[in-house]
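To be precise, the following lines are target-v1.cif, and they hold mmCIF, C-alpha atoms and all ligand atoms.
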```cif
data_run
loop_
_atom_site.label_atom_id
_atom_site.label_comp_id
_atom_site.auth_asym_id
_atom_site.auth_seq_id
_atom_site.Cartn_x
_atom_site.Cartn_y
_atom_site.Cartn_z
CA MET A 120 -15.46 14.14 184.51
CA ASP A 121 -16.82 12.08 187.37
CA THR A 122 -13.96 10.45 189.22
CA SER A 123 -16.42 8.53 191.40
CA ASP A 124 -17.73 6.69 188.30
CA TRP A 125 -15.97 3.35 187.85
CA LYS A 126 -16.33 3.47 184.09
CA TRP A 127 -14.60 6.85 184.03
CA GLN A 128 -11.81 5.34 186.13
CA LEU A 129 -11.42 2.44 183.68
CA GLN A 130 -11.50 4.67 180.60
CA ASN A 131 -8.93 7.03 182.08
CA ARG A 132 -6.41 4.46 183.28
CA ILE A 133 -2.77 5.45 183.09
CA THR A 134 -1.16 3.09 180.61
CA ASP A 135 1.96 4.72 179.14
CA LEU A 136 5.36 5.96 180.22
CA PRO A 137 4.95 9.67 179.27
CA THR A 138 1.80 9.95 181.42
CA VAL A 139 3.54 8.26 184.34
CA GLN A 140 6.50 10.62 183.94
CA SER A 141 4.22 13.65 183.88
CA ARG A 142 3.20 12.73 187.42
CA LEU A 143 6.21 10.99 188.97
CA VAL A 144 9.96 11.41 188.77
CA LEU A 145 11.02 7.86 187.92
CA THR A 146 14.37 6.35 188.79
CA PRO A 147 16.70 5.44 185.89
CA GLU A 148 15.97 1.75 186.69
CA GLU A 149 12.22 2.29 186.37
CA ILE A 150 12.60 4.22 183.10
CA ALA A 151 14.83 1.54 181.57
CA SER A 152 12.63 -1.35 182.75
CA PHE A 153 9.29 0.09 181.69
CA PRO A 154 9.23 -0.63 177.92
CA LYS A 155 10.88 -4.06 178.35
CA ALA A 156 8.50 -5.15 181.10
CA LEU A 157 5.55 -4.29 178.87
CA ASN A 158 6.64 -6.99 176.38
CA ASN A 159 5.53 -9.57 178.93
CA PHE A 160 2.75 -7.94 180.90
CA SER A 161 0.58 -4.86 180.35
CA PHE A 162 0.80 -1.72 182.44
CA SER A 163 -2.30 -0.04 183.75
CA VAL A 164 -3.25 1.90 186.89
CA THR A 165 -6.55 3.60 187.71
CA PRO A 166 -6.34 7.35 188.45
CA TYR A 167 -7.73 6.53 191.90
CA TYR A 168 -4.99 4.02 192.77
CA PHE A 169 -2.28 6.16 191.12
CA GLY A 170 -3.39 8.96 193.45
CA LEU A 171 -2.30 6.87 196.44
CA ILE A 172 1.33 6.92 195.25
CA ASP A 173 3.58 9.24 197.24
CA PRO A 174 5.38 11.09 194.41
CA LYS A 175 8.28 12.00 196.65
CA ASN A 176 9.09 8.48 197.82
CA PRO A 177 10.71 6.06 195.33
CA ASN A 178 10.06 3.27 197.87
CA CYS A 179 6.33 4.01 198.16
CA PRO A 180 4.56 0.67 198.75
CA ILE A 181 1.85 1.52 196.20
CA ARG A 182 4.39 2.56 193.58
CA LYS A 183 6.38 -0.67 194.02
CA GLN A 184 3.28 -2.77 193.33
CA VAL A 185 2.54 -1.14 189.97
CA ILE A 186 5.64 0.46 188.42
CA PRO A 187 7.94 -2.10 186.71
CA ARG A 188 11.46 -2.53 188.06
CA ALA A 189 14.52 -4.44 186.82
CA GLY A 190 13.72 -7.66 188.72
CA GLU A 191 10.74 -8.12 186.46
CA LEU A 192 13.04 -8.61 183.46
CA VAL A 193 14.97 -11.49 185.02
CA ALA A 194 13.74 -15.09 185.09
CA LEU A 195 15.51 -17.06 187.82
CA PRO A 196 15.92 -20.84 187.34
CA ASN A 197 13.08 -21.63 189.79
CA GLU A 198 10.68 -19.15 188.20
CA VAL A 199 8.10 -20.32 185.71
CA GLU A 200 5.22 -19.07 183.53
CA ASP A 201 2.43 -20.88 185.33
CA PRO A 202 3.72 -21.60 188.85
CA LEU A 203 0.49 -23.17 190.09
CA ALA A 204 0.06 -25.33 186.96
CA GLU A 205 -3.42 -23.85 186.60
CA GLU A 206 -3.53 -24.70 182.90
CA ARG A 207 -2.85 -28.40 183.62
CA PHE A 208 -5.86 -28.83 185.92
CA MET A 209 -8.25 -27.35 183.36
CA PRO A 210 -11.13 -29.69 182.48
CA VAL A 211 -12.77 -26.97 180.32
CA LYS A 212 -11.30 -23.70 179.12
CA GLY A 213 -11.32 -21.08 181.86
CA VAL A 214 -11.83 -23.45 184.81
CA THR A 215 -9.09 -24.78 187.12
CA HIS A 216 -10.37 -27.73 189.12
CA ARG A 217 -7.54 -28.85 191.40
CA TYR A 218 -9.14 -29.45 194.78
CA PRO A 219 -11.97 -32.00 194.80
CA ASP A 220 -14.75 -29.77 196.09
CA ARG A 221 -14.07 -26.37 194.53
CA ALA A 222 -13.09 -24.83 191.22
CA ILE A 223 -11.81 -21.44 190.07
CA TRP A 224 -13.48 -19.90 187.06
CA TYR A 225 -11.67 -17.14 185.14
CA ILE A 226 -14.56 -15.07 183.82
CA SER A 227 -12.58 -11.97 182.80
CA HIS A 228 -9.01 -11.44 181.60
CA VAL A 229 -8.93 -7.72 182.48
CA CYS A 230 -7.83 -5.95 185.67
CA ALA A 231 -8.03 -2.22 186.33
CA VAL A 232 -4.50 -2.27 187.75
CA TYR A 233 -1.81 -4.79 186.82
CA CYS A 234 0.16 -5.88 189.86
CA ARG A 235 3.74 -6.52 188.83
CA PHE A 236 3.94 -9.70 190.95
CA CYS A 237 0.77 -11.24 189.45
CA THR A 238 0.91 -15.03 189.40
CA ARG A 239 -1.29 -15.10 186.27
CA LYS A 240 0.56 -12.55 184.19
CA ARG A 241 0.96 -15.21 181.47
CA LYS A 242 -2.72 -14.67 180.64
CA VAL A 243 -4.17 -11.74 182.57
CA SER A 244 -4.46 -8.72 180.22
CA ASP A 245 -4.08 -10.92 177.11
CA PRO A 246 -7.08 -10.20 174.80
CA GLU A 247 -6.89 -13.76 173.45
CA GLU A 248 -8.00 -14.92 176.87
CA THR A 249 -11.36 -13.10 176.61
CA PRO A 250 -13.96 -15.69 177.55
CA ASN A 251 -16.87 -15.94 175.10
CA LYS A 252 -20.46 -16.97 175.71
CA ALA A 253 -19.93 -20.49 174.32
CA GLU A 254 -17.07 -21.05 176.80
CA TRP A 255 -19.22 -19.80 179.66
CA GLU A 256 -21.90 -22.30 178.71
CA LYS A 257 -19.34 -25.13 178.59
CA ALA A 258 -18.06 -24.18 182.04
CA LEU A 259 -21.60 -24.06 183.43
CA THR A 260 -22.32 -27.48 181.93
CA TYR A 261 -19.16 -28.82 183.58
CA PHE A 262 -20.29 -27.49 186.99
CA GLN A 263 -23.76 -28.97 186.46
CA ASN A 264 -22.28 -32.36 185.60
CA THR A 265 -19.72 -32.45 188.42
CA PRO A 266 -21.54 -33.03 191.72
CA SER A 267 -18.29 -33.01 193.74
CA ILE A 268 -18.07 -29.23 193.19
CA LYS A 269 -19.50 -27.47 196.23
CA GLU A 270 -17.97 -24.05 195.56
CA VAL A 271 -17.25 -22.00 192.46
CA ILE A 272 -14.77 -19.14 192.78
CA LEU A 273 -15.31 -16.37 190.23
CA SER A 274 -11.89 -14.99 189.38
CA GLY A 275 -9.91 -13.59 186.47
CA GLY A 276 -8.46 -11.05 185.72
CA ASP A 277 -11.02 -9.27 187.78
CA PRO A 278 -14.53 -10.72 187.65
CA LEU A 279 -16.08 -7.35 188.56
CA THR A 280 -14.87 -5.99 185.21
CA LEU A 281 -18.01 -7.60 183.79
CA SER A 282 -21.23 -5.63 183.52
CA ASP A 283 -23.90 -5.87 186.20
CA ASN A 284 -26.06 -7.87 183.76
CA GLN A 285 -23.30 -10.39 183.08
CA ILE A 286 -22.60 -10.78 186.79
CA HIS A 287 -26.29 -11.25 187.47
CA TYR A 288 -26.54 -13.88 184.74
CA LEU A 289 -23.56 -15.92 185.98
CA LEU A 290 -24.62 -15.79 189.63
CA SER A 291 -28.15 -16.89 188.81
CA GLU A 292 -26.93 -19.78 186.62
CA LEU A 293 -24.62 -20.96 189.42
CA LYS A 294 -27.32 -20.56 192.03
CA LYS A 295 -29.54 -22.95 190.05
CA ILE A 296 -27.06 -25.82 190.46
CA PRO A 297 -28.26 -27.79 193.50
CA HIS A 298 -24.88 -29.21 194.59
CA ILE A 299 -23.22 -25.77 194.76
CA ASN A 300 -23.14 -24.87 198.45
CA HIS A 301 -21.93 -21.30 198.08
CA ILE A 302 -20.30 -18.91 195.62
CA ARG A 303 -17.10 -16.97 196.19
CA ILE A 304 -15.75 -13.97 194.26
CA HIS A 305 -12.05 -13.06 194.07
CA SER A 306 -11.69 -9.38 193.21
CA ARG A 307 -9.10 -6.67 193.80
CA TYR A 308 -11.47 -3.86 192.76
CA LEU A 309 -12.26 -3.01 196.36
CA VAL A 310 -8.58 -1.93 196.53
CA THR A 311 -7.89 -0.52 193.07
CA LEU A 312 -11.37 0.62 191.95
CA PRO A 313 -13.65 0.83 195.02
CA MET A 314 -16.21 2.86 193.02
CA ARG A 315 -17.07 -0.40 191.21
CA ILE A 316 -19.02 -1.37 194.35
CA THR A 317 -22.15 0.55 193.36
CA ASP A 318 -25.55 0.35 195.02
CA ASP A 319 -26.81 -1.47 191.89
CA LEU A 320 -24.10 -4.10 192.18
CA CYS A 321 -24.81 -4.53 195.90
CA LYS A 322 -28.48 -5.01 195.10
CA ILE A 323 -27.57 -7.86 192.75
CA PHE A 324 -25.29 -9.40 195.38
CA SER A 325 -28.07 -9.22 197.97
CA GLU A 326 -30.19 -11.52 195.79
CA PHE A 327 -27.54 -14.22 196.03
CA PHE A 328 -26.89 -14.19 199.77
CA PRO A 329 -24.62 -15.62 201.07
CA LEU A 330 -21.75 -14.45 198.88
CA TYR A 331 -18.11 -14.40 199.99
CA LEU A 332 -15.78 -11.85 198.43
CA VAL A 333 -12.04 -12.32 198.88
CA THR A 334 -10.12 -9.17 198.08
CA HIS A 335 -6.41 -8.32 198.04
CA PHE A 336 -5.00 -5.53 200.22
CA ASN A 337 -1.24 -5.55 200.79
CA HIS A 338 -0.57 -2.33 202.68
CA PRO A 339 -2.41 -0.10 205.20
CA LYS A 340 -2.09 2.89 202.81
CA GLU A 341 -4.60 1.13 200.56
CA ILE A 342 -7.35 1.52 203.14
CA THR A 343 -8.95 4.86 202.30
CA THR A 344 -12.30 6.49 203.05
CA GLU A 345 -13.56 5.32 199.63
CA VAL A 346 -12.56 1.75 200.51
CA ALA A 347 -14.22 1.87 203.94
CA GLU A 348 -17.45 3.16 202.37
CA ALA A 349 -17.42 0.57 199.58
CA THR A 350 -16.83 -2.22 202.12
CA LYS A 351 -19.73 -0.99 204.20
CA ARG A 352 -21.98 -0.98 201.12
CA LEU A 353 -20.95 -4.56 200.35
CA ALA A 354 -21.78 -5.66 203.88
CA THR A 355 -24.92 -3.66 204.59
CA LYS A 356 -26.51 -3.49 201.13
CA GLY A 357 -25.09 -6.59 199.46
CA PHE A 358 -24.95 -8.78 202.58
CA VAL A 359 -21.53 -9.94 201.38
CA SER A 360 -18.91 -11.37 203.76
CA VAL A 361 -15.55 -9.82 202.86
CA LEU A 362 -12.18 -11.49 203.45
CA ASN A 363 -8.68 -10.50 202.45
CA GLN A 364 -5.63 -12.20 201.03
CA SER A 365 -2.28 -10.41 201.01
CA VAL A 366 0.97 -11.40 199.37
CA LEU A 367 4.10 -11.07 201.50
CA LEU A 368 6.13 -8.60 199.43
CA ARG A 369 9.71 -7.49 199.96
CA GLY A 370 10.05 -3.78 200.72
CA ILE A 371 6.25 -3.40 200.78
CA ASN A 372 4.82 -5.29 203.76
CA ASP A 373 7.64 -7.57 205.01
CA ASP A 374 7.41 -6.16 208.52
CA PRO A 375 5.17 -7.34 211.38
CA LYS A 376 4.31 -3.72 212.26
CA ILE A 377 3.00 -3.04 208.77
CA LEU A 378 1.12 -6.35 208.60
CA SER A 379 -0.54 -5.88 211.97
CA GLU A 380 -1.49 -2.30 211.10
CA LEU A 381 -2.96 -3.58 207.83
CA ASN A 382 -4.87 -6.39 209.53
CA TYR A 383 -6.24 -4.19 212.32
CA LYS A 384 -7.36 -1.63 209.75
CA LEU A 385 -9.05 -4.37 207.72
CA ILE A 386 -10.91 -5.59 210.79
CA SER A 387 -11.91 -2.01 211.63
CA ILE A 388 -13.69 -1.63 208.27
CA GLY A 389 -15.30 -5.09 208.34
CA ILE A 390 -12.84 -7.31 206.46
CA LYS A 391 -11.47 -10.58 207.89
CA PRO A 392 -7.81 -11.36 207.04
CA TYR A 393 -7.81 -14.81 205.42
CA TYR A 394 -4.47 -15.60 203.77
CA LEU A 395 -0.96 -14.19 203.76
CA HIS A 396 0.61 -15.74 200.67
CA GLN A 397 4.23 -16.56 200.12
CA CYS A 398 4.92 -14.86 196.76
CA ASP A 399 4.57 -17.38 193.90
CA GLU A 400 7.60 -18.35 191.86
CA VAL A 401 6.39 -16.61 188.74
CA PHE A 402 8.93 -15.26 186.22
CA GLY A 403 10.18 -11.81 187.17
CA SER A 404 9.15 -12.00 190.84
CA SER A 405 12.65 -11.82 192.37
CA ASP A 406 12.23 -8.22 193.59
CA PHE A 407 9.20 -9.26 195.62
CA VAL A 408 10.08 -12.60 197.20
CA VAL A 409 10.71 -12.79 200.94
CA PRO A 410 12.53 -16.04 201.89
CA ILE A 411 10.26 -18.50 203.74
CA GLU A 412 12.37 -18.52 206.95
CA GLU A 413 12.12 -14.74 207.10
CA GLY A 414 8.39 -14.94 206.37
CA ILE A 415 7.97 -17.31 209.30
CA ARG A 416 9.88 -14.94 211.59
CA ILE A 417 7.60 -12.09 210.54
CA TYR A 418 4.49 -14.23 210.98
CA GLN A 419 5.65 -15.41 214.39
CA ALA A 420 5.58 -11.80 215.56
CA LEU A 421 1.83 -11.67 214.90
CA ARG A 422 0.34 -14.73 216.66
CA GLY A 423 -0.36 -14.08 220.34
CA PHE A 424 0.77 -10.47 220.17
CA HIS A 425 -2.28 -9.37 218.22
CA SER A 426 -5.98 -10.14 218.20
CA GLY A 427 -6.55 -13.59 216.76
CA ILE A 428 -9.21 -12.36 214.37
CA THR A 429 -6.64 -10.05 212.74
CA ILE A 430 -4.33 -12.93 211.88
CA PRO A 431 -4.44 -14.64 208.47
CA HIS A 432 -3.04 -18.10 207.62
CA TYR A 433 0.45 -17.89 206.12
CA VAL A 434 0.49 -20.22 203.08
CA LYS A 435 2.53 -21.24 200.09
CA ASP A 436 0.84 -22.42 196.94
CA LEU A 437 3.23 -25.16 195.81
CA THR A 438 5.00 -24.57 192.51
CA GLY A 439 3.91 -27.30 190.12
CA GLY A 440 0.30 -27.45 191.29
CA GLY A 441 0.46 -29.28 194.64
CA GLY A 442 -1.95 -26.82 196.22
CA LYS A 443 -1.68 -24.63 199.30
CA VAL A 444 0.25 -25.64 202.40
CA LEU A 445 0.39 -23.85 205.74
CA LEU A 446 3.71 -22.23 206.63
CA THR A 447 3.63 -22.30 210.41
CA PRO A 448 6.29 -21.69 213.02
CA ASN A 449 7.30 -24.93 214.75
CA TYR A 450 5.68 -24.46 218.16
CA PHE A 451 5.73 -28.03 219.51
CA GLN A 452 7.53 -31.36 219.65
CA LYS A 453 6.39 -34.73 220.96
CA LYS A 454 8.70 -36.07 223.72
CA GLU A 455 9.67 -39.72 224.23
CA ASN A 456 7.62 -39.89 227.46
CA GLY A 457 4.50 -39.06 225.45
CA SER A 458 4.17 -35.46 226.60
CA TYR A 459 4.47 -32.46 224.34
CA HIS A 460 6.97 -29.67 224.51
CA PHE A 461 5.46 -26.31 223.54
CA GLN A 462 6.88 -22.88 222.94
CA ASN A 463 4.43 -20.01 223.30
CA TYR A 464 4.40 -16.74 221.37
CA LYS A 465 6.85 -15.11 223.83
CA GLY A 466 9.35 -17.94 223.48
CA ASP A 467 8.52 -19.46 226.92
CA GLN A 468 8.88 -23.26 227.11
CA TYR A 469 6.14 -25.57 228.46
CA GLU A 470 5.84 -29.32 228.82
CA VAL A 471 2.29 -30.68 229.14
CA GLY A 472 0.42 -33.96 228.57
CA HIS A 473 -1.62 -33.18 225.50
C1 LIG B 501 -6.26 -21.15 196.05
C2 LIG B 501 -7.10 -21.98 195.20
C3 LIG B 501 -8.41 -22.30 195.56
C4 LIG B 501 -9.04 -21.80 196.85
O1 LIG B 501 -8.43 -22.39 197.93
P1 LIG B 501 -8.97 -22.06 199.41
O2 LIG B 501 -7.93 -22.66 200.29
O3 LIG B 501 -10.31 -22.72 199.51
O4 LIG B 501 -9.08 -20.58 199.53
C5 LIG B 501 -9.14 -23.13 194.74
N1 LIG B 501 -8.62 -23.62 193.59
C6 LIG B 501 -7.35 -23.33 193.22
C7 LIG B 501 -6.84 -23.89 191.95
C8 LIG B 501 -6.56 -22.48 194.00
O5 LIG B 501 -5.31 -22.18 193.61
S1 LIG B 502 -5.57 -7.95 190.56
FE1 LIG B 502 -4.95 -10.10 190.81
S2 LIG B 502 -5.19 -10.98 188.72
FE2 LIG B 502 -5.20 -8.74 188.50
S3 LIG B 502 -3.06 -8.20 188.09
FE3 LIG B 502 -3.36 -8.00 190.30
S4 LIG B 502 -2.71 -10.01 191.14
FE4 LIG B 502 -3.08 -10.29 188.90
#
```
Represent the supplied structure as structure tokens.
Amino acid sequence: MDTSDWKWQLQNRITDLPTVQSRLVLTPEEIASFPKALNNFSFSVTPYYFGLIDPKNPNCPIRKQVIPRAGELVALPNEVEDPLAEERFMPVKGVTHRYPDRAIWYISHVCAVYCRFCTRKRKVSDPEETPNKAEWEKALTYFQNTPSIKEVILSGGDPLTLSDNQIHYLLSELKKIPHINHIRIHSRYLVTLPMRITDDLCKIFSEFFPLYLVTHFNHPKEITTEVAEATKRLATKGFVSVLNQSVLLRGINDDPKILSELNYKLISIGIKPYYLHQCDEVFGSSDFVVPIEEGIRIYQALRGFHSGITIPHYVKDLTGGGGKVLLTPNYFQKKENGSYHFQNYKGDQYEVGH
């Protein structure tokens, strides 16, 4: 047993209720919700990430991200299967091309840990979504034939579920396309399976400099020694720039103190906070959603009070496929005399020309 081996971690994932109950005392709500939730979305947690759960605290922020609760069984009228209409903007299977200059490519349907608020739970973990070689070739041909695409985002599921050889193959095929300016990878394995960031993988990444990896930390408890070491390997051996997107999650990180602690910790290990997402209106997300007005109040307590490089953009990805919009506090107004009225981060009022 080598717990620092990512394949061991994947093979030994916790996937059933009895194993969970052998390690945690679940609430009656969690026990009742578990089998029903699994009808819609798989359950899986790596031993590493499970080890971060505080067994004594039913409100543990790690536990709430992975153990199903009753809200997951309810579909509110605004909640849908595919909130970002990713399947509608799909020129070839496995590619969402919504914005003119970049496309997302789902190269794996598997994640090591299934986040209960996942916006893609309609397809993530579904074996029918396994991409095959012929589909990969079709996607590559689409990228080759679409010169407006400057960036390809490798996503999933988790793209780092693939073998080193597969990752090497896809990166080298993309690198050959002259109009692709840079490649981005979206992966949560730095959080849920940091041992996936091996020296061998970093060596592959180093061949494709510059790569941008956007990961997904939601709470300061997720930043462990293993994570700090894996991030350092990515940066110093893979020459990868690492950014983070969080989702604003009720009862998990809906507090400016927690968010600023998270963002300072990220900066301290070499990760730049990029986005704070309003939770998508995916079916079963009601336990997680923080209302936008409250989100703005929380966000307002970050800007100015904390280092600017620790502060992500707060965004909502519009339900229906409209794309991302900034959710910003209203800090200024234009006056009739042509000057602007500003409010600074402390609430002080200023009137200046422009
Ligand atoms: C979020 C998203 C992207 C990436 O957007 P950025 O603002 O560049 O991070 C690209 N395509 C789709 C479909 C997306 O939802
Ligand atoms: S890692 Fe991302 S894609 Fe995978 S379950 Fe979590 S939110 Fe969904």
Find the residues near ligand LIG 502 (chain B). Use a cut-off of 10 Å, count only C-alpha atoms and all ligand atoms, and write them as a PyMOL selection string.
-> chain A and resi 160-163+184-185+225+227-244+274-278+305-308+310-311+334-336+365-366
Distance in Å - CA of Ile181 in chain A versus CA of Glu247 in chain A =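 Computing it gives 28.8 Å between the two atoms.
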Once you count only C-alpha atoms and all ligand atoms, which residues end up within 6 Å of ligand LIG 501 (chain B), and could you hand them over as a list of chain:residue names?
->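 So the residues close to ligand LIG 501 (chain B) are A:Thr215, A:His216, A:Arg217, A:Tyr218, A:Arg221, A:Ala222, A:Ile223.
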Please measure the separation of CA of Lys294 in chain A and CA of Ile268 in chain A, giving the value in Å to one decimal.
-> 12.7 Å
Quote the spacing between CA of Val409 in chain A and CA of Leu395 in chain A in Å to one decimal place.
-> 12.1 Å
Skip Ser458 in chain A itself and residues of its chain fewer than 3 positions away, then list as a PyMOL selection string all residues within 12 Å of it, counting only C-alpha atoms.
-> chain A and resi 451-455+461+469-473
If we count only C-alpha atoms, what is near His338 in chain A at a cut-off of 8 Å, once residues fewer than 5 positions away on the same chain are taken out, given as a list in words?
->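 Result of the neighbour search: Pro180, Ile181, Ile371, Asn372, Ile377, Leu378 and Leu381 of chain A.
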Counting all atoms listed in the file, which of A:Ile411, A:Leu421, A:Val346, A:Ala258 gets nearest to Lys435 in chain A?
-> A:Ile411
Pick from A:Leu192, A:Ile186, A:Leu145, A:Leu203: nearest to Gly442 in chain A, with all atoms listed in the file counted?
->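 Looking only at the distances to Gly442 in chain A, the closest residue turns out to be A:Leu203.
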So which residues touch Thr165 in chain A within 6 Å, counting all atoms listed in the file, skipping near sequence neighbours fewer than 3 positions away, as an MDAnalysis selection string?
-> chainID A and resid 128 132 168
